[in-house]
>>> print(open('target-v2.cif').read())   # mmCIF, C-alpha atoms
data_my_file
loop_
_atom_site.label_atom_id
_atom_site.label_comp_id
_atom_site.auth_asym_id
_atom_site.auth_seq_id
_atom_site.Cartn_x
_atom_site.Cartn_y
_atom_site.Cartn_z
CA MET Z 1 0.00 0.00 0.00
CA ARG Z 2 1.34 3.43 -0.97
CA PHE Z 3 0.30 6.90 0.06
CA LYS Z 4 -2.00 8.57 -2.46
CA TRP Z 5 -1.35 12.29 -2.64
CA VAL Z 6 -4.97 13.36 -3.21
CA ALA Z 7 -6.23 11.21 -0.32
CA SER Z 8 -3.29 11.96 1.96
CA LEU Z 9 -3.29 14.09 5.07
CA LYS Z 10 -0.55 16.27 3.54
CA PHE Z 11 -2.82 17.19 0.63
CA LYS Z 12 -5.75 17.99 2.91
CA ILE Z 13 -3.64 20.15 5.23
CA SER Z 14 -2.04 21.91 2.24
CA LEU Z 15 -5.46 22.50 0.70
CA ILE Z 16 -6.80 23.99 3.93
CA PHE Z 17 -3.75 26.28 4.20
CA PHE Z 18 -4.07 27.25 0.53
CA ILE Z 19 -7.76 28.12 0.85
CA GLY Z 20 -7.14 30.01 4.11
CA LEU Z 21 -4.26 32.02 2.64
CA ALA Z 22 -6.21 32.66 -0.57
CA ILE Z 23 -9.12 34.05 1.44
CA ALA Z 24 -6.77 36.17 3.55
CA PHE Z 25 -4.97 37.49 0.45
CA SER Z 26 -8.30 38.21 -1.29
CA ILE Z 27 -9.57 40.23 1.67
CA ASN Z 28 -6.25 42.05 1.87
CA LEU Z 29 -6.36 42.74 -1.89
CA LEU Z 30 -9.88 44.18 -1.72
CA ILE Z 31 -8.94 46.40 1.23
CA ALA Z 32 -5.74 47.58 -0.49
CA VAL Z 33 -7.54 48.36 -3.79
CA LYS Z 34 -10.30 50.22 -1.99
CA THR Z 35 -7.77 52.21 0.04
CA VAL Z 36 -5.76 53.14 -3.06
CA HIS Z 37 -8.89 54.21 -4.94
CA VAL Z 38 -10.02 56.43 -2.06
CA GLN Z 39 -6.54 57.98 -1.80
CA LYS Z 40 -6.54 58.69 -5.53
CA GLU Z 41 -9.92 60.41 -5.25
CA GLU Z 42 -8.63 62.53 -2.37
CA GLU Z 43 -5.52 63.46 -4.39
CA VAL Z 44 -7.65 64.51 -7.39
CA GLU Z 45 -9.90 66.55 -5.13
CA ASN Z 46 -6.84 68.29 -3.65
CA VAL Z 47 -5.53 69.01 -7.16
CA LEU Z 48 -8.88 70.50 -8.19
CA THR Z 49 -8.96 72.65 -5.06
CA HIS Z 50 -5.42 73.88 -5.83
CA LEU Z 51 -6.45 74.78 -9.39
CA LEU Z 52 -9.39 76.81 -8.14
CA VAL Z 53 -7.35 78.64 -5.51
CA GLU Z 54 -4.50 79.48 -7.92
CA SER Z 55 -6.91 80.51 -10.68
CA THR Z 56 -8.97 82.87 -8.48
CA ASP Z 57 -5.84 84.41 -6.96
CA GLU Z 58 -3.74 84.83 -10.11
CA TYR Z 59 -5.82 84.59 -13.28
CA ILE Z 60 -9.42 85.73 -12.62
CA SER Z 61 -9.63 89.50 -12.63
CA THR Z 62 -13.33 89.97 -13.27
CA SER Z 63 -16.45 88.76 -11.52
CA LEU Z 64 -17.74 85.51 -12.94
CA ASN Z 65 -21.33 84.35 -13.26
CA PRO Z 66 -23.01 81.30 -14.77
CA SER Z 67 -22.99 82.91 -18.24
CA SER Z 68 -19.31 83.85 -18.13
CA ASN Z 69 -16.82 82.24 -20.52
CA VAL Z 70 -14.25 80.31 -18.46
CA ASN Z 71 -12.41 78.67 -21.36
CA PHE Z 72 -9.30 80.67 -20.56
CA LEU Z 73 -8.87 78.59 -17.42
CA TYR Z 74 -8.08 75.51 -19.56
CA THR Z 75 -5.19 77.27 -21.32
CA ILE Z 76 -3.36 78.49 -18.23
CA PRO Z 77 0.10 76.84 -18.31
CA HIS Z 78 0.08 76.26 -14.56
CA ASN Z 79 -3.23 74.42 -14.77
CA ILE Z 80 -2.09 72.35 -17.75
CA MET Z 81 1.08 71.30 -15.91
CA ILE Z 82 -0.73 70.27 -12.71
CA VAL Z 83 -3.45 68.35 -14.57
CA SER Z 84 -0.92 66.44 -16.70
CA ASP Z 85 0.89 65.20 -13.57
CA SER Z 86 -2.27 63.99 -11.85
CA GLU Z 87 -5.20 61.57 -12.30
CA VAL Z 88 -7.51 64.48 -13.23
CA ASN Z 89 -9.43 63.58 -16.39
CA ALA Z 90 -11.95 65.52 -18.55
CA LEU Z 91 -11.45 68.68 -16.47
CA HIS Z 92 -14.47 70.94 -16.54
CA PHE Z 93 -14.97 74.39 -14.93
CA VAL Z 94 -18.51 75.50 -14.10
CA VAL Z 95 -19.84 78.67 -12.40
CA SER Z 96 -23.04 78.08 -10.48
CA ALA Z 97 -25.22 79.71 -7.89
CA ASN Z 98 -24.71 76.74 -5.55
CA PRO Z 99 -21.92 74.19 -5.10
CA TYR Z 100 -22.01 71.60 -7.89
CA ARG Z 101 -23.55 68.33 -6.83
CA THR Z 102 -21.21 65.39 -7.17
CA ASN Z 103 -21.92 61.67 -7.71
CA ASP Z 104 -20.07 58.36 -7.85
CA LYS Z 105 -18.84 59.07 -11.39
CA LEU Z 106 -17.51 62.58 -10.75
CA ILE Z 107 -15.11 64.33 -8.37
CA VAL Z 108 -15.96 67.98 -7.67
CA SER Z 109 -14.22 70.78 -5.80
CA SER Z 110 -15.93 74.17 -5.29
CA ILE Z 111 -14.80 77.60 -4.14
CA LYS Z 112 -17.01 80.59 -3.32
CA LEU Z 113 -16.38 83.76 -5.29
CA SER Z 114 -16.68 87.33 -4.02
CA ASN Z 115 -20.04 87.77 -5.75
CA ASN Z 116 -21.43 84.71 -3.90
CA TYR Z 117 -21.28 82.48 -6.97
CA TYR Z 118 -19.35 79.23 -6.90
CA LEU Z 119 -16.55 78.19 -9.24
CA ASN Z 120 -16.51 74.39 -9.61
CA ALA Z 121 -13.76 72.15 -10.99
CA ILE Z 122 -15.03 68.74 -12.15
CA SER Z 123 -13.15 65.52 -13.05
CA ASP Z 124 -14.25 61.94 -13.83
CA HIS Z 125 -12.76 58.62 -12.54
CA GLN Z 126 -11.29 57.28 -15.78
CA LYS Z 127 -7.62 57.83 -14.89
CA ILE Z 128 -8.23 56.79 -11.28
CA ASP Z 129 -9.89 53.56 -12.37
CA LYS Z 130 -7.08 52.85 -14.83
CA ALA Z 131 -4.37 53.50 -12.23
CA THR Z 132 -6.22 51.40 -9.66
CA TYR Z 133 -6.60 48.55 -12.20
CA LYS Z 134 -2.84 48.56 -12.90
CA TYR Z 135 -2.11 48.56 -9.17
CA THR Z 136 -4.56 45.68 -8.68
CA GLN Z 137 -2.85 43.62 -11.40
CA LYS Z 138 0.62 44.15 -9.90
CA LEU Z 139 -0.59 43.39 -6.38
CA LEU Z 140 -2.47 40.29 -7.58
CA ILE Z 141 0.63 38.92 -9.30
CA ARG Z 142 2.70 39.50 -6.18
CA TYR Z 143 0.05 37.82 -4.03
CA MET Z 144 -0.14 34.82 -6.37
CA ILE Z 145 3.63 34.41 -6.34
CA SER Z 146 3.70 34.76 -2.55
CA LEU Z 147 0.84 32.28 -2.23
CA LEU Z 148 2.62 29.70 -4.39
CA VAL Z 149 5.91 30.17 -2.53
CA ILE Z 150 4.16 29.76 0.84
CA LEU Z 151 2.28 26.71 -0.48
CA PHE Z 152 5.52 25.05 -1.61
CA ILE Z 153 7.09 25.82 1.77
CA ILE Z 154 4.07 24.26 3.53
CA ILE Z 155 4.22 21.15 1.32
CA PHE Z 156 7.94 20.79 1.93
CA ALA Z 157 7.53 21.29 5.70
CA LEU Z 158 4.63 18.80 5.88
CA ASP Z 159 6.59 16.28 3.84
CA PHE Z 160 9.55 16.67 6.18
CA TYR Z 161 7.61 16.50 9.44
CA MET Z 162 5.26 13.71 8.32
CA LYS Z 163 7.99 11.53 6.83
CA PRO Z 164 8.18 9.54 10.11
CA LEU Z 165 4.60 8.33 9.53
CA GLU Z 166 5.64 6.86 6.19
CA LEU Z 167 8.69 5.28 7.83
CA LEU Z 168 6.42 3.82 10.51
CA ALA Z 169 4.25 2.24 7.80
CA ILE Z 170 7.35 0.82 6.06
CA LYS Z 171 8.69 -0.61 9.32
CA THR Z 172 5.30 -2.16 10.03
CA ARG Z 173 5.11 -3.84 6.62
CA GLU Z 174 8.68 -5.14 6.78
CA TRP Z 175 8.67 -6.26 10.41
CA LYS Z 176 8.81 -9.99 11.04
CA ARG Z 177 7.90 -11.69 14.25
CA GLU Z 178 11.34 -13.20 14.81
CA ASN Z 179 13.00 -9.78 14.59
CA PRO Z 180 13.06 -7.30 17.47
CA PHE Z 181 10.67 -4.47 16.74
CA ASP Z 182 11.47 -0.81 17.20
CA PHE Z 183 8.76 1.59 16.11
CA VAL Z 184 9.62 4.44 18.49
CA GLN Z 185 11.19 7.35 16.60
CA GLU Z 186 13.16 10.19 18.12
CA ASN Z 187 13.51 13.79 16.92
CA VAL Z 188 9.96 13.92 15.59
CA SER Z 189 6.89 15.95 16.54
CA SER Z 190 5.22 15.03 19.82
CA GLU Z 191 2.04 13.81 18.07
CA ILE Z 192 3.92 11.43 15.77
CA LYS Z 193 6.13 10.30 18.63
CA GLU Z 194 3.03 9.56 20.70
CA VAL Z 195 1.47 7.55 17.83
CA SER Z 196 4.74 5.71 17.30
CA SER Z 197 5.09 4.87 21.00
CA ALA Z 198 1.44 3.80 21.25
CA PHE Z 199 1.81 1.56 18.20
CA ALA Z 200 4.98 -0.01 19.62
CA SER Z 201 3.19 -0.59 22.91
CA LEU Z 202 0.24 -2.18 21.08
CA VAL Z 203 2.51 -4.55 19.17
CA LYS Z 204 4.31 -5.47 22.39
CA ARG Z 205 0.99 -6.22 24.10
CA MET Z 206 -0.12 -8.31 21.14
CA GLU Z 207 3.14 -10.25 21.25
CA GLU Z 208 2.67 -10.83 24.96
CA TYR Z 209 -0.88 -11.96 24.26
CA ARG Z 210 0.35 -14.43 21.65
CA ARG Z 211 3.00 -15.70 24.06
CA LYS Z 212 0.37 -16.28 26.73
CA GLU Z 213 -1.87 -17.94 24.18
CA SER Z 214 0.96 -20.31 23.27
CA GLU Z 215 1.57 -21.08 26.95
CA LEU Z 216 -2.16 -21.63 27.42
CA PHE Z 217 -2.26 -24.34 24.79
CA LYS Z 218 0.84 -26.00 26.21
CA GLU Z 219 -0.66 -25.99 29.71
CA ALA Z 220 -3.97 -27.25 28.36
CA ALA Z 221 -2.24 -30.14 26.60
CA HIS Z 222 -0.20 -30.95 29.70
CA GLU Z 223 -3.01 -30.68 32.23
CA LEU Z 224 -5.70 -32.44 30.18
CA LYS Z 225 -3.70 -35.36 28.91
CA THR Z 226 -3.57 -37.02 32.37
CA PRO Z 227 -7.34 -37.36 32.95
CA LEU Z 228 -7.81 -38.34 29.30
CA ALA Z 229 -5.15 -41.01 29.62
CA LEU Z 230 -6.77 -42.33 32.80
CA MET Z 231 -10.15 -42.53 31.10
CA ARG Z 232 -8.62 -44.37 28.16
CA SER Z 233 -6.92 -46.81 30.54
CA ARG Z 234 -10.13 -47.46 32.47
CA LEU Z 235 -11.94 -48.23 29.23
CA ASP Z 236 -9.20 -50.67 28.22
CA VAL Z 237 -9.27 -52.37 31.64
CA TYR Z 238 -13.06 -52.55 31.65
CA GLU Z 239 -13.05 -54.00 28.14
CA GLN Z 240 -10.46 -56.69 28.92
CA SER Z 241 -11.43 -57.59 32.50
CA ASN Z 242 -14.35 -59.76 33.54
CA VAL Z 243 -14.09 -58.86 37.23
CA TYR Z 244 -14.16 -55.06 36.86
CA GLU Z 245 -17.48 -54.06 38.38
CA LYS Z 246 -19.67 -51.82 36.32
CA SER Z 247 -20.63 -49.63 39.26
CA LYS Z 248 -16.99 -49.13 40.18
CA PHE Z 249 -16.13 -48.32 36.57
CA ILE Z 250 -18.95 -45.74 36.34
CA GLN Z 251 -17.93 -44.18 39.65
CA GLU Z 252 -14.26 -43.87 38.68
CA LEU Z 253 -15.09 -42.67 35.16
CA SER Z 254 -17.42 -40.03 36.61
CA HIS Z 255 -14.62 -38.90 38.89
CA ASP Z 256 -12.29 -38.64 35.87
CA LEU Z 257 -14.90 -36.61 33.97
CA GLU Z 258 -15.27 -34.23 36.91
CA ARG Z 259 -11.52 -33.84 37.09
CA LEU Z 260 -11.33 -33.27 33.31
CA THR Z 261 -14.07 -30.62 33.53
CA ALA Z 262 -12.35 -28.91 36.45
CA GLU Z 263 -8.95 -28.88 34.73
CA LEU Z 264 -10.48 -27.57 31.49
CA LYS Z 265 -12.24 -24.79 33.38
CA ASN Z 266 -9.05 -23.89 35.21
CA VAL Z 267 -6.98 -23.76 32.03
CA LEU Z 268 -9.54 -21.57 30.28
CA PHE Z 269 -9.47 -19.35 33.36
CA LEU Z 270 -6.03 -18.20 32.24
CA GLU Z 271 -7.32 -16.30 29.21
CA SER Z 272 -5.73 -12.88 28.97
CA SER Z 273 -7.32 -9.51 29.73
CA ASP Z 274 -4.59 -7.42 28.11
CA PHE Z 275 -6.89 -5.01 26.29
CA GLU Z 276 -9.20 -4.17 29.18
CA GLU Z 277 -8.74 -0.73 30.73
CA ALA Z 278 -7.92 -0.56 34.45
CA ILE Z 279 -10.37 1.22 36.77
CA ASP Z 280 -10.65 1.82 40.52
CA ILE Z 281 -12.51 -1.09 42.17
CA ASP Z 282 -13.90 -1.01 45.71
CA LEU Z 283 -13.02 -4.39 47.28
CA HIS Z 284 -15.85 -4.56 49.81
CA ALA Z 285 -18.52 -3.68 47.22
CA MET Z 286 -17.14 -6.21 44.77
CA LEU Z 287 -16.92 -9.05 47.33
CA THR Z 288 -20.46 -8.30 48.55
CA LYS Z 289 -21.75 -8.45 44.99
CA LEU Z 290 -19.98 -11.78 44.40
CA LYS Z 291 -21.45 -13.17 47.61
CA GLU Z 292 -24.96 -12.29 46.41
CA LYS Z 293 -24.34 -13.95 43.02
CA MET Z 294 -23.24 -17.19 44.72
CA ASP Z 295 -26.07 -17.32 47.23
CA ILE Z 296 -27.49 -20.56 45.79
CA LEU Z 297 -24.14 -22.32 46.28
CA ILE Z 298 -23.93 -21.00 49.85
CA GLN Z 299 -27.42 -22.24 50.71
CA ARG Z 300 -26.81 -25.67 49.21
CA LYS Z 301 -23.99 -26.37 51.68
CA ASN Z 302 -25.59 -24.39 54.49
CA LEU Z 303 -22.61 -22.04 54.73
CA GLN Z 304 -22.13 -18.56 56.12
CA ILE Z 305 -19.85 -15.92 54.60
CA ASN Z 306 -18.73 -13.09 56.86
CA ILE Z 307 -17.14 -10.06 55.15
CA SER Z 308 -15.43 -7.42 57.28
CA GLN Z 309 -16.57 -3.81 56.87
CA SER Z 310 -13.17 -2.32 56.04
CA THR Z 311 -12.33 -1.65 52.41
CA PHE Z 312 -9.83 -0.14 49.97
CA GLU Z 313 -9.59 0.41 46.21
CA VAL Z 314 -7.57 -1.53 43.66
CA LYS Z 315 -6.80 -0.22 40.18
CA ALA Z 316 -7.19 -3.17 37.83
CA ALA Z 317 -9.12 -4.56 34.88
CA GLU Z 318 -12.66 -5.03 36.21
CA LYS Z 319 -13.47 -8.35 34.51
CA LEU Z 320 -10.14 -9.84 35.52
CA MET Z 321 -10.53 -8.70 39.13
CA TYR Z 322 -14.04 -10.14 39.31
CA LYS Z 323 -12.75 -13.35 37.82
CA VAL Z 324 -9.95 -13.76 40.38
CA CYS Z 325 -11.97 -12.91 43.48
CA GLY Z 326 -14.98 -14.82 42.15
CA ALA Z 327 -12.82 -17.91 41.61
CA LEU Z 328 -11.38 -17.63 45.14
CA ILE Z 329 -14.82 -17.35 46.77
CA GLU Z 330 -16.33 -20.07 44.58
CA ASN Z 331 -13.35 -22.28 45.37
CA ALA Z 332 -13.77 -21.68 49.09
CA ILE Z 333 -17.48 -22.54 48.86
CA THR Z 334 -16.87 -25.67 46.79
CA TYR Z 335 -14.26 -27.17 49.12
CA ALA Z 336 -15.59 -25.89 52.44
CA ALA Z 337 -17.07 -28.35 54.93
CA TYR Z 338 -20.85 -28.38 55.21
CA ASN Z 339 -22.39 -26.11 57.88
CA SER Z 340 -19.15 -24.12 58.26
CA ILE Z 341 -18.27 -20.43 58.12
CA ILE Z 342 -16.13 -18.71 55.49
CA HIS Z 343 -14.37 -15.59 56.76
CA ILE Z 344 -13.32 -12.81 54.37
CA SER Z 345 -11.25 -10.19 56.17
CA ILE Z 346 -10.19 -6.88 54.61
CA ASP Z 347 -7.30 -4.80 55.95
CA GLY Z 348 -7.49 -1.37 54.33
CA GLN Z 349 -4.18 -0.11 55.74
CA LEU Z 350 -2.08 -3.11 54.66
CA ARG Z 351 -4.22 -3.62 51.51
CA ILE Z 352 -4.78 -7.28 52.33
CA ILE Z 353 -7.78 -9.57 51.85
CA GLU Z 354 -7.82 -13.04 53.39
CA ILE Z 355 -10.30 -15.82 52.65
CA SER Z 356 -10.29 -18.67 55.18
CA ASN Z 357 -12.54 -21.70 55.80
CA HIS Z 358 -12.61 -25.25 57.10
CA VAL Z 359 -11.93 -27.76 54.34
CA GLY Z 360 -13.97 -30.88 53.61
CA ASN Z 361 -12.58 -34.11 52.18
CA ASP Z 362 -11.84 -32.82 48.65
CA LYS Z 363 -8.42 -31.61 47.54
CA TYR Z 364 -8.26 -27.83 47.61
CA LEU Z 365 -7.83 -26.36 44.11
CA PHE Z 366 -5.45 -23.50 44.92
CA SER Z 367 -3.03 -25.84 46.64
CA SER Z 368 -2.71 -27.74 43.36
CA LYS Z 369 -0.29 -27.06 40.52
CA ILE Z 370 -2.85 -25.48 38.21
CA GLY Z 371 -4.25 -23.38 41.04
CA ASN Z 372 -0.84 -21.94 41.84
CA LYS Z 373 -0.35 -21.18 38.14
CA ILE Z 374 -3.57 -19.20 38.12
CA LEU Z 375 -2.59 -17.09 41.13
CA SER Z 376 1.00 -16.70 39.96
CA ARG Z 377 0.19 -15.48 36.46
CA LEU Z 378 -2.63 -13.17 37.42
CA SER Z 379 -0.53 -11.67 40.22
CA LYS Z 380 1.59 -9.99 37.54
CA GLU Z 381 -1.39 -8.65 35.61
CA ILE Z 382 -3.25 -7.27 38.65
CA GLY Z 383 -0.34 -6.59 40.99
CA TYR Z 384 -0.47 -8.61 44.20
CA GLU Z 385 1.43 -11.13 46.31
CA TYR Z 386 -0.29 -14.19 47.74
CA THR Z 387 0.27 -16.67 50.54
CA ILE Z 388 -1.48 -20.03 50.99
CA LYS Z 389 -1.73 -21.48 54.50
CA GLU Z 390 -2.91 -24.97 55.51
CA MET Z 391 -3.24 -25.77 59.22
CA GLY Z 392 -5.09 -29.03 59.61
CA ASP Z 393 -8.57 -28.53 58.23
CA LEU Z 394 -8.20 -24.73 58.22
CA TYR Z 395 -7.27 -23.30 54.85
CA SER Z 396 -6.65 -19.64 53.92
CA ILE Z 397 -5.43 -17.58 51.00
CA GLN Z 398 -4.00 -14.14 51.79
CA ILE Z 399 -3.59 -11.60 48.97
CA GLN Z 400 -1.75 -8.34 49.46
CA PHE Z 401 -2.26 -5.77 46.69
CA ASN Z 402 0.41 -3.35 45.56
CA GLU Z 403 -0.06 0.38 45.95
CA ASN Z 404 -2.00 1.92 43.02
#
>>> encode(input="target-v2.cif", output="structure tokens")
Amino acid sequence: MRFKWVASLKFKISLIFFIGLAIAFSINLLIAVKTVHVQKEEEVENVLTHLLVESTDEYISTSLNPSSNVNFLYTIPHNIMIVSDSEVNALHFVVSANPYRTNDKLIVSSIKLSNNYYLNAISDHQKIDKATYKYTQKLLIRYMISLLVILFIIIFALDFYMKPLELLAIKTREWKRENPFDFVQENVSSEIKEVSSAFASLVKRMEEYRRKESELFKEAAHELKTPLALMRSRLDVYEQSNVYEKSKFIQELSHDLERLTAELKNVLFLESSDFEEAIDIDLHAMLTKLKEKMDILIQRKNLQINISQSTFEVKAAEKLMYKVCGALIENAITYAAYNSIIHISIDGQLRIIEISNHVGNDKYLFSSKIGNKILSRLSKEIGYEYTIKEMGDLYSIQIQFNEN
């Protein structure tokens, strides 16, 4: 799989920057053009005012009225020179009783004469519009060049800073299980470094999951082959012997089936909970809830379960924590003597829970090999140390949790 430019993040970011800069440049261009046009109008108005002032002071010797001939004002060398150096166009002098009304197409400057008439100088916008158009073209070309230069800089910068993502994809495709993996990259942006570290952590967790899965199958094969072999042997003996009692065979085979079921359940108990998020779990609330769920088992053996009122919190995967404590309580109920009491003590200061009871005739699961494997493996995932004590018929499991 290769990166497609049009569908890539680099293209989308570049496009967003391009559109944003284009909008900003367009707004700036409109403001600049409008400002220049207004300035040009003000300059023309100032030129017209100067023409009127100079003409009335130096060249008008008689009183003017609306019927007066003012053509001489167009031939004054001073006026010709000033007009030629400005954006004044189609200059027109008019004498009126009131100031000449202007509009969007004309620029007018008026001066009051001594006889209360007004001399008006009028110009149109043709030169202003032409000058503004030329300025707009130059400014637009500069903006386009600047926009393209900035765009190329953005593309180059994005390509440089996002190159680690492409390298991460290449490493992922080329990585083989037997090789050590190293996806963490240094000297990159914090976001890419975080993605790289998270991906490396994910792969490590998946590898650990596969390792546990492999161990699970090995343990299953080891733990289940014994009861299966015993069942096969009993069938062979029963088939070849004439003195093997049927009732004894059924009893022993039933015992083997129970053992097989128990071992299978215990092996499957070791399934991983690697991808479950850890939360804060209140021990007393959880143990009380488990006690309520197992009420039918408690009643069947006429047992009592006493849980102390102290409590503390453990940060762990919820399903895994329920599984461990549920297995411990269920185990205590299963192997406890009839009409006995199961004590569950909680020490909040030392972060210890202890489950103790009097044992019946059956072998206690967590003193067996598979039981110790369960506690040992899950102690690493949850974070606890455990101690198993057997004193005659009194059996207890003490679990001390690490600090969160």
>>> atom_distance(input="target-v2.cif", atom1="CA of Gly383 in chain Z", atom2="CA of Ala285 in chain Z")
19.4 Å
>>> closest_residue(input="target-v2.cif", among="Z:Ile192, Z:Leu328, Z:Leu350, Z:Leu320", to="Lys380 in chain Z", atoms="only C-alpha atoms")
Z:Leu320
>>> residues_around(input="target-v2.cif", residues="range 241-253 of chain Z", least_positions_apart="3", cutoff="12 Å", atoms="all atoms listed in the file", output="PyMOL selection string")
chain Z and resi 227-238+256-260
>>> residues_around(input="target-v2.cif", residues="range 138-154 of chain Z", least_positions_apart="5", cutoff="7 Å", atoms="only C-alpha atoms", output="list in words")
Ser14, Phe18 and Phe25 of chain Z
>>> closest_residue(input="target-v2.cif", among="Z:Ile128, Z:Ile296, Z:Leu51, Z:Val33", to="Val83 in chain Z", atoms="only C-alpha atoms")
Z:Leu51
>>> residues_around(input="target-v2.cif", residues="Phe93 in chain Z", least_positions_apart="2", cutoff="7 Å", atoms="only C-alpha atoms", output="ChimeraX atom specification")
/Z:70,91,95,120-122
>>> resolve_selection(input="target-v2.cif", expression="the PyMOL selection byres ((chain Z and resi 61) around 12)", output="ChimeraX atom specification")
/Z:55-60,62-64,70,72-73,113-114
>>> residues_near_point(input="target-v2.cif", point="(-9.3, -21.1, 53.1)", cutoff="7 Å", atoms="only C-alpha atoms", output="PyMOL selection string")
chain Z and resi 332+355-358+394-397
>>> write_last_selection(input="target-v2.cif", atoms="C-alpha atoms", output="short mmCIF file (atom, residue, chain, number, x, y, z; two decimals), keeping the file's coordinate frame")
data_model
loop_
_atom_site.label_atom_id
_atom_site.label_comp_id
_atom_site.auth_asym_id
_atom_site.auth_seq_id
_atom_site.Cartn_x
_atom_site.Cartn_y
_atom_site.Cartn_z
CA ALA Z 332 -13.77 -21.68 49.09
CA ILE Z 355 -10.30 -15.82 52.65
CA SER Z 356 -10.29 -18.67 55.18
CA ASN Z 357 -12.54 -21.70 55.80
CA HIS Z 358 -12.61 -25.25 57.10
CA LEU Z 394 -8.20 -24.73 58.22
CA TYR Z 395 -7.27 -23.30 54.85
CA SER Z 396 -6.65 -19.64 53.92
CA ILE Z 397 -5.43 -17.58 51.00
#
>>> resolve_selection(input="target-v2.cif", expression="the PyMOL selection byres ((chain Z and resi 89) around 8)", output="list in words")
Val83, Glu87, Val88, Ala90, Leu91, Ser123, Asp124, His125, Gln126 and Lys127 of chain Z
>>> atom_distance(input="target-v2.cif", atom1="CA of Ile399 in chain Z", atom2="CA of Lys293 in chain Z")
21.7 Å
>>> residues_around(input="target-v2.cif", residues="Cys325 in chain Z", least_positions_apart="2", cutoff="12 Å", atoms="only C-alpha atoms", output="ChimeraX atom specification")
/Z:281,283-291,318-323,327-332,344,353-355,374-375,378-379,382,397-399
>>> atom_distance(input="target-v2.cif", atom1="CA of Tyr118 in chain Z", atom2="CA of Ser96 in chain Z")
5.3 Å
>>> residues_around(input="target-v2.cif", residues="Phe160 in chain Z", least_positions_apart="4", cutoff="12 Å", atoms="all atoms listed in the file", output="PDB file with C-alpha atoms, keeping the file's coordinate frame")
ATOM      1  CA  LYS Z  10      -0.550  16.270   3.540  1.00  0.00           C
ATOM      2  CA  ILE Z 153       7.090  25.820   1.770  1.00  0.00           C
ATOM      3  CA  ILE Z 154       4.070  24.260   3.530  1.00  0.00           C
ATOM      4  CA  ILE Z 155       4.220  21.150   1.320  1.00  0.00           C
ATOM      5  CA  PHE Z 156       7.940  20.790   1.930  1.00  0.00           C
ATOM      6  CA  PRO Z 164       8.180   9.540  10.110  1.00  0.00           C
ATOM      7  CA  LEU Z 165       4.600   8.330   9.530  1.00  0.00           C
ATOM      8  CA  GLU Z 166       5.640   6.860   6.190  1.00  0.00           C
ATOM      9  CA  LEU Z 167       8.690   5.280   7.830  1.00  0.00           C
ATOM     10  CA  ASN Z 187      13.510  13.790  16.920  1.00  0.00           C
ATOM     11  CA  VAL Z 188       9.960  13.920  15.590  1.00  0.00           C
ATOM     12  CA  SER Z 189       6.890  15.950  16.540  1.00  0.00           C
TER      13      SER Z 189
END
